[in-house]
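Have a look at the structure below before the remarks.
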Amino acid sequence: MKLPAILLTIAALWCGLADIAVAQTPPTDELIQAARLRGVEFIKSQQTKDGFWEYDDDLKADTNNVGLSALCTIALIENGVPHNDPVVRKGYEFVLGKSGQLKNTYELALATVMLSRMGDRRDRLRIKTLAARLVAGQLKTGGWTYTCPEADADILRTPQSLTLKEGVGDNSCTQFAVLGLWVASRTGVNIEYPLRAVSERFIKNQRPDGGWNYNLDEKAGSGPSMTCAGLFCLTVAQASKIKAAKLKDTGATPPADTPAATSVDDPPVESLLAHPVFKKGLDRTGQFVGGIGNGTPKYFLWSVERIGVLLGLQKLGTTDWFAKGSTALLATQKTDGAWEEAGHGGGPLVSTSFAILFLRKANLGSDISRLLEGESPLSFVIVGSTPPARFKSIAEALKGSKPGDTIRIEGNGPFPLESLELNQDVTIQAGFGYSPVFNFQLGVDRLGIKRKPEKDPLARNALNVTKGKVTLEGLTIQMDPPSQRAKVAWGGIGVSGGTLRLLNCSVTEGNRGGFAGVVFSAPGKLILRNSVLAGGRAALEIVPNGAQEVLIDNCLLFSDSGVQVIPDPAAKANAAVKLQLLQCTVQCNNSFNFPGVVGQIDIATERSVLQGKSLGLNLLAGPTKQGRSFRGTKNVYDVKDWVGAKGQRLPEITNQKSWAKFWGSDSDKNSYLQLAKFSVPHSAGGFSHLLQVQDWGLELPESAEPILLKSNVGIDPYFAGAGRTFDQYRDSVGYNAWLKGNLELDTEVAFAEAAPAKPATTPKPKK
């Protein structure tokens with residue numbers, strides 16, 4: 001009987017290194033990036049019309065190509081191909097469709113990783129089922145062989161009651177099973193019991209030279225790939241132990257499948273690198289890494305990359321593993337972007353997938369790295385400082401920073417936020433794998449006196465941008481304004497000077513304090529991308545002040561008003577606002593609310609969902625469109641009333657056709673009045689800090705207009721919000737462009753040409 005293709009490939013690659021010396025200068029980042037992109041294009045070009053990748057025609061009848069298709073899809077995602085790319089979607093749908101019948105260990109593990117990486121919470125039960133089969137397939141020796149029995153998620157409650165089969169298994173299957181189980185543990189699967197058996201397997205069966213071989217053969221020496229497999233499995237087992245210890249420290253009741261301590265040399269949380277078995281294995285790996293050359297199997301390179309990245313090691317032994325490996329890979333890439341294995345029959349798709357995963361430094365276990373390193377009480381780090389400058393609070397980090405610094409937050413919090421002022425060029429971002437949460441607190445002023453928000457404008461906001469170029473990435477700001485005798489216009493983030501770029505942030509209100517997510521009262525440009533603004537009187541509030549431009553890209557606005565423009569009675573400034581929404585979801589009573597605003601407001605919306613009572617009964621300044629312009633395309637409107645002035649709707653606008661006619665010829669193409677059904681419905685005013693952005697995934701019926709079905713209308717939950725979605729966006733090509741200041745907007749509409757009703761004025765500074 002023939003074995004599945006992906007299995008044969010990996011089993012063939014575990015052995016032997018081709019010791020061809022590599023002495024060239026390490027390639028530049030630009031060359032590595034170009035090689036990755038060529039590899040990506042090769043993999044994409046090889047997908048069949050049915051969404052899978054074929055390993056070998058001779059083996060087609062014996063395999064569904066699920067493992068290979070999952071591996072190719074993972075490689076594409078990790079190298080920045082968006083999850084909604086047609087090739088990725090077809091690969092995902094193929095693997096998902098076949099996942100119910102999987103029994104092969106490699107395919108079960110790779111399918112688990114791919115489904116988790118896609119991030120659709122509807123796949124959580126399927127991931128648990130795949131994990132159950134992996135758990136049921138473990139042998140008494142702690143390892144796995146090629147196949148696992150059928151099982152359902154119920155067995156995960158008491159895995160210790162399973163009767164494990166006899167057998168040796170092999171360490172290649174075992175490391176893939178361990179990878180799949182660790183990824184599945186992110187969905188709540190407790191894996192401590194099977195991972196203890198894994199730890200025992202590798203501790204007991206280490207070869208005298210410090211490494212491991214394929215199948216525990218006492219007569220065989222260690223092999224390079226299997227030595228890395230041993231280190232990887234011990235690393236995951238250690239992370240699992242730390243995770244269980246943290247659970248017990250919190251006082252939480254451990255799941256039913258949490259085992260008691262065993263007699264294995266497996267002490268409580270300790271330094272992994274100091275463990276004699278691990279240290280000996282790491283030394284042996286360094287010897288293998290020193291022999292990396294042009295003929296080195298890509299499976300081994302990928303195994304090395306996982307260990308190097310997980311442990312944060314630049315060198316293994318005395319060798320810079322990435323410099324040497326990347327040099328070898330760039331020297332052997334073919335003109336079509338592929339890599340091939342000489343003499344191993346691995347096939348270019350497998351080799352290319354492993355190669356670009358290596359070049360990407362794809363950390364499939366970033367949470368493992370955090371567990372091993374532990375969390376410092378000094379969570380705020382100034383990036384690039386030597387020695388590393390760490391601080392206990394964001395306020396202290398800002399005091400210790402200089403203009404242009406990046407402050408990275410390596411902790412989840414919650415951290416207090418007392419009307420913090422940002423008055424210099426600075427970037428504040430979540431560390432990889434972290435989701436820092438800030439809670440607003442009404443603090444004290446410089447004299448130690450409790451701040452009075454009714455008199456102090458800065459005290460009304462959790463965060464204040466008053467000067468400089470400020471970028472916030474991956475932060476969650478939760479604001480529950482305290483009760484005050486006087487009415488206070490609270491705000492999550494206030495921008496009264498400088499500029500703000502907001503990326504993958506969530507700004508929410510849990511009570512009914514009536515805040516605005518962002519209050520923009522400075523001239524200039526405001527950029528909101530992949531963010532969530534929920535609660536209060538408005539998601540975004542603009543106070544006219546000179547020329548103001550706002551870009552809102554892939555954001556959720558869930559509030560009473562989506563975008564509100566409110567004039568400052570004291571300043572008496574006319575509006576000069578350009579507002580652009582791209583692929584947003586707006587669920588508000590009024591999408592746009594501009595009561596009593598004089599001046600020009602230009603709106604452009606594209607591939608957005610606008611749901612609520614109206615698009616804006618205060619959008620207009622009067623019965624005509626004077627001082628307002630609108631352009632749009634491929635929007636979904638789910639509203640009762642369309643547009644009006646002073647709270648009264650215009651009776652002549654009753655549908656999308658009359659709406660478009662009001663604004664002028666070709667003002668709103670391919671947009672439709674359509675019921676917007678979301679994955680999980682939320683009623684107006686149902687604000688909470690615990691909102692899940694995936695709830696707003698748009699589910700259009702098959703009867704919807706074809707142009708809407710293929711246009712990715714509404715927010716893309718895969719990239720929106722803080723936490724894991726920010727990590728996913730950081731893996732994309734779009735983030736590299738963001739870092740360079742290039743927004744890479746794929747837009748079809750531009751602002752309409754319209755003369756302002758009155759010249760915009762900038763208020764004079766107050767004395």
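Naming works like this for the structure tokens: A, B, ... for the chains as they're shown, residue 1 at the start of each chain, ligands 1 onward in shown order.
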
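Proximity to segment 426-433 of chain A at 7 Å, evaluated using only C-alpha atoms and with sequence-adjacent residues fewer than 4 positions away removed, yields Ser366, Asp367, Pro403, Gly404, Asp405, Thr406, Ile407, Arg408, Ile409, Glu410, Lys469, Val470, Thr471, Leu472, Glu473, Gly474, Leu475, Arg724 and Asp727 of chain A.
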
Quick one: write out the picked residues with all heavy atoms as a compact mmCIF listing (two decimals), in the first residue's frame?
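Once written, result_26.txt looks like this:
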# COMPACT_ATOMS: atom_id res chain seq x y z
N SER A 366 4.52 31.45 18.58
CA SER A 366 4.95 32.66 19.27
C SER A 366 4.53 32.65 20.74
O SER A 366 5.22 33.19 21.60
CB SER A 366 4.37 33.89 18.58
OG SER A 366 2.94 33.83 18.55
N ASP A 367 3.39 32.01 21.03
CA ASP A 367 2.96 31.93 22.42
C ASP A 367 3.87 31.02 23.23
O ASP A 367 4.02 31.19 24.44
CB ASP A 367 1.50 31.47 22.52
CG ASP A 367 1.19 30.29 21.61
OD1 ASP A 367 2.05 29.90 20.80
OD2 ASP A 367 0.07 29.76 21.70
N PRO A 403 12.10 61.76 20.86
CA PRO A 403 11.27 61.82 19.66
C PRO A 403 11.68 60.79 18.61
O PRO A 403 12.87 60.60 18.33
CB PRO A 403 11.49 63.25 19.15
CG PRO A 403 11.82 64.03 20.39
CD PRO A 403 12.62 63.09 21.24
N GLY A 404 10.69 60.09 18.07
CA GLY A 404 10.94 59.08 17.05
C GLY A 404 11.07 57.67 17.59
O GLY A 404 11.17 56.71 16.81
N ASP A 405 11.06 57.50 18.92
CA ASP A 405 11.21 56.17 19.50
C ASP A 405 9.94 55.33 19.30
O ASP A 405 8.84 55.86 19.11
CB ASP A 405 11.50 56.27 21.00
CG ASP A 405 12.98 56.46 21.29
OD1 ASP A 405 13.79 56.25 20.36
OD2 ASP A 405 13.33 56.81 22.43
N THR A 406 10.14 54.01 19.40
CA THR A 406 9.03 53.07 19.43
C THR A 406 9.00 52.42 20.80
O THR A 406 10.01 51.88 21.27
CB THR A 406 9.18 51.99 18.35
OG1 THR A 406 9.07 52.59 17.05
CG2 THR A 406 8.11 50.91 18.49
N ILE A 407 7.84 52.47 21.44
CA ILE A 407 7.65 51.83 22.74
C ILE A 407 6.82 50.57 22.50
O ILE A 407 5.68 50.64 22.02
CB ILE A 407 6.93 52.76 23.73
CG1 ILE A 407 7.78 54.02 23.97
CG2 ILE A 407 6.64 52.04 25.04
CD1 ILE A 407 7.07 55.07 24.81
N ARG A 408 7.40 49.43 22.82
CA ARG A 408 6.72 48.14 22.63
C ARG A 408 6.23 47.64 23.97
O ARG A 408 6.96 47.68 24.97
CB ARG A 408 7.66 47.14 21.98
CG ARG A 408 7.02 45.80 21.64
CD ARG A 408 7.95 44.98 20.77
NE ARG A 408 8.15 45.64 19.48
CZ ARG A 408 9.21 45.44 18.71
NH1 ARG A 408 10.18 44.62 19.10
NH2 ARG A 408 9.32 46.05 17.55
N ILE A 409 5.01 47.12 23.98
CA ILE A 409 4.39 46.67 25.23
C ILE A 409 4.40 45.15 25.25
O ILE A 409 3.71 44.50 24.44
CB ILE A 409 2.95 47.21 25.36
CG1 ILE A 409 2.95 48.73 25.19
CG2 ILE A 409 2.35 46.82 26.70
CD1 ILE A 409 1.57 49.33 25.10
N GLU A 410 5.17 44.58 26.15
CA GLU A 410 5.28 43.13 26.27
C GLU A 410 4.55 42.68 27.52
O GLU A 410 5.14 42.27 28.52
CB GLU A 410 6.76 42.73 26.29
CG GLU A 410 7.48 43.07 24.98
CD GLU A 410 8.95 42.72 24.99
OE1 GLU A 410 9.48 42.38 26.07
OE2 GLU A 410 9.57 42.78 23.92
N LYS A 469 3.91 63.33 15.49
CA LYS A 469 3.32 62.24 14.70
C LYS A 469 3.22 61.01 15.60
O LYS A 469 4.23 60.42 15.98
CB LYS A 469 4.18 61.94 13.47
CG LYS A 469 4.30 63.12 12.51
CD LYS A 469 5.21 62.79 11.33
CE LYS A 469 5.33 63.97 10.39
NZ LYS A 469 6.25 63.67 9.25
N VAL A 470 2.00 60.62 15.90
CA VAL A 470 1.76 59.53 16.84
C VAL A 470 1.15 58.34 16.11
O VAL A 470 0.20 58.50 15.33
CB VAL A 470 0.82 59.99 17.98
CG1 VAL A 470 0.47 58.81 18.89
CG2 VAL A 470 1.48 61.11 18.78
N THR A 471 1.70 57.16 16.36
CA THR A 471 1.17 55.92 15.80
C THR A 471 0.88 54.96 16.95
O THR A 471 1.74 54.71 17.79
CB THR A 471 2.17 55.27 14.83
OG1 THR A 471 2.42 56.17 13.74
CG2 THR A 471 1.61 53.97 14.27
N LEU A 472 -0.33 54.43 16.97
CA LEU A 472 -0.73 53.44 17.97
C LEU A 472 -1.09 52.15 17.25
O LEU A 472 -1.87 52.16 16.30
CB LEU A 472 -1.93 53.94 18.78
CG LEU A 472 -1.79 55.32 19.45
CD1 LEU A 472 -3.09 55.68 20.18
CD2 LEU A 472 -0.62 55.33 20.42
N GLU A 473 -0.53 51.03 17.72
CA GLU A 473 -0.72 49.75 17.04
C GLU A 473 -1.04 48.65 18.04
O GLU A 473 -0.29 48.41 18.99
CB GLU A 473 0.55 49.36 16.27
CG GLU A 473 0.96 50.35 15.20
CD GLU A 473 2.22 49.96 14.46
OE1 GLU A 473 2.87 48.95 14.87
OE2 GLU A 473 2.59 50.63 13.49
N GLY A 474 -2.17 47.97 17.81
CA GLY A 474 -2.50 46.78 18.58
C GLY A 474 -2.93 47.03 20.01
O GLY A 474 -2.82 46.13 20.85
N LEU A 475 -3.44 48.21 20.33
CA LEU A 475 -3.82 48.55 21.70
C LEU A 475 -5.33 48.46 21.88
O LEU A 475 -6.10 48.70 20.96
CB LEU A 475 -3.36 49.96 22.05
CG LEU A 475 -1.92 50.34 21.74
CD1 LEU A 475 -1.63 51.75 22.24
CD2 LEU A 475 -0.93 49.35 22.33
N ARG A 724 -4.73 38.90 18.34
CA ARG A 724 -4.24 37.98 17.33
C ARG A 724 -4.36 38.54 15.92
O ARG A 724 -3.52 38.31 15.06
CB ARG A 724 -5.01 36.66 17.44
CG ARG A 724 -4.54 35.60 16.46
CD ARG A 724 -5.34 34.33 16.64
NE ARG A 724 -4.97 33.33 15.66
CZ ARG A 724 -5.57 32.16 15.54
NH1 ARG A 724 -6.57 31.85 16.36
NH2 ARG A 724 -5.19 31.29 14.63
N ASP A 727 -1.39 40.53 15.02
CA ASP A 727 -0.27 39.67 14.63
C ASP A 727 -0.43 39.17 13.21
O ASP A 727 0.54 39.07 12.45
CB ASP A 727 -0.16 38.48 15.59
CG ASP A 727 0.27 38.91 16.99
OD1 ASP A 727 0.86 39.99 17.12
OD2 ASP A 727 0.00 38.16 17.94

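For Trp144 of chain A, the set of protein, DNA and RNA residues having any atom at most 7 Å away, when counting only C-alpha atoms and skipping those fewer than 5 positions along the same chain, is Gly137, Gln138, Leu139, Gly169, Asp170, Cys173 and Thr174 of chain A.
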
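When only C-alpha atoms are used to compute distances to Pro436 of chain A, the closest of the residues A:Asn190, A:Ser379, A:Gln238, A:Thr158 turns out to be A:Ser379.
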
Name the residues in contact with Phe438 of chain A at a cut-off of 10 Å, using only C-alpha atoms, excluding same-chain residues fewer than 6 positions from it; report them as a PDB file with N, CA and C atoms, in the first residue's frame.
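Output (part_24.pdb):
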ATOM      1  N   ILE A 394       3.420  53.129  31.030  1.00  0.00           N
ATOM      2  CA  ILE A 394       3.557  53.837  29.762  1.00  0.00           C
ATOM      3  C   ILE A 394       4.002  55.272  30.007  1.00  0.00           C
ATOM      4  N   ASN A 412       0.019  42.050  28.836  1.00  0.00           N
ATOM      5  CA  ASN A 412      -1.394  42.203  28.485  1.00  0.00           C
ATOM      6  C   ASN A 412      -2.139  43.173  29.388  1.00  0.00           C
ATOM      7  N   GLY A 413      -1.566  43.474  30.554  1.00  0.00           N
ATOM      8  CA  GLY A 413      -2.260  44.374  31.453  1.00  0.00           C
ATOM      9  C   GLY A 413      -3.354  43.643  32.236  1.00  0.00           C
ATOM     10  N   PRO A 414      -4.410  44.366  32.625  1.00  0.00           N
ATOM     11  CA  PRO A 414      -4.717  45.742  32.221  1.00  0.00           C
ATOM     12  C   PRO A 414      -3.814  46.780  32.899  1.00  0.00           C
ATOM     13  N   PHE A 415      -3.546  47.844  32.151  1.00  0.00           N
ATOM     14  CA  PHE A 415      -2.716  48.943  32.620  1.00  0.00           C
ATOM     15  C   PHE A 415      -3.585  50.188  32.798  1.00  0.00           C
ATOM     16  N   PRO A 416      -3.318  51.003  33.817  1.00  0.00           N
ATOM     17  CA  PRO A 416      -4.095  52.239  33.993  1.00  0.00           C
ATOM     18  C   PRO A 416      -3.700  53.293  32.955  1.00  0.00           C
ATOM     19  N   LEU A 417      -4.660  54.090  32.576  1.00  0.00           N
ATOM     20  CA  LEU A 417      -4.421  55.168  31.615  1.00  0.00           C
ATOM     21  C   LEU A 417      -5.093  56.418  32.162  1.00  0.00           C
ATOM     22  N   GLU A 418      -4.286  57.379  32.585  1.00  0.00           N
ATOM     23  CA  GLU A 418      -4.799  58.565  33.268  1.00  0.00           C
ATOM     24  C   GLU A 418      -4.642  59.795  32.390  1.00  0.00           C
ATOM     25  N   ALA A 462      -9.032  59.504  27.567  1.00  0.00           N
ATOM     26  CA  ALA A 462      -8.075  58.546  28.118  1.00  0.00           C
ATOM     27  C   ALA A 462      -6.677  58.832  27.592  1.00  0.00           C
ATOM     28  N   LEU A 475      -3.440  48.207  20.330  1.00  0.00           N
ATOM     29  CA  LEU A 475      -3.820  48.546  21.698  1.00  0.00           C
ATOM     30  C   LEU A 475      -5.332  48.459  21.876  1.00  0.00           C
ATOM     31  N   THR A 476      -5.734  48.112  23.090  1.00  0.00           N
ATOM     32  CA  THR A 476      -7.145  48.155  23.478  1.00  0.00           C
ATOM     33  C   THR A 476      -7.306  49.196  24.574  1.00  0.00           C
ATOM     34  N   ILE A 477      -8.161  50.171  24.335  1.00  0.00           N
ATOM     35  CA  ILE A 477      -8.435  51.219  25.316  1.00  0.00           C
ATOM     36  C   ILE A 477      -9.888  51.085  25.743  1.00  0.00           C
ATOM     37  N   GLN A 478     -10.079  50.784  27.009  1.00  0.00           N
ATOM     38  CA  GLN A 478     -11.426  50.601  27.552  1.00  0.00           C
ATOM     39  C   GLN A 478     -11.751  51.774  28.464  1.00  0.00           C
ATOM     40  N   MET A 479     -12.874  52.403  28.159  1.00  0.00           N
ATOM     41  CA  MET A 479     -13.217  53.613  28.910  1.00  0.00           C
ATOM     42  C   MET A 479     -14.620  53.493  29.490  1.00  0.00           C
ATOM     43  N   VAL A 507     -11.142  50.757  20.702  1.00  0.00           N
ATOM     44  CA  VAL A 507     -11.475  51.805  21.667  1.00  0.00           C
ATOM     45  C   VAL A 507     -12.953  51.639  21.983  1.00  0.00           C
TER      46      VAL A 507
END

Query raised in the report: How far is it from atom CA of Ala486 of chain A to atom CA of Phe592 of chain A, in Å with one decimal?
Result: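 So the two atoms, atom CA of Ala486 of chain A and atom CA of Phe592 of chain A, lie 26.9 Å apart.
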
For atom CA of Leu458 of chain A and atom CA of Gly514 of chain A, the interatomic separation in Å (one decimal) =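 Atom CA of Gly514 of chain A lies 16.5 Å from atom CA of Leu458 of chain A.
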
Margin query: What does the structure give for the distance between atom CA of Tyr193 of chain A and atom CA of Cys233 of chain A, in Å to one decimal?
Written below: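 One can read the atom CA of Tyr193 of chain A to atom CA of Cys233 of chain A distance as 13.7 Å.
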
**Study point:** Residue nearest Asn742 of chain A among A:Leu447, A:Val465, A:Ile127, A:Ile527 (counting only C-alpha atoms)
**Key:**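 Using only C-alpha atoms, the shortest distance to Asn742 of chain A belongs to A:Ile527.
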
Do a neighbour search on segment 211-215 of chain A at 10 Å with only C-alpha atoms, toss out local chain neighbours closer than 3 positions, and write the hits as a VMD selection string.
chain A and resid 11 14 to 15 143 145 168 to 174 202 205 to 208 218 to 231 277 to 278 280 to 285 288
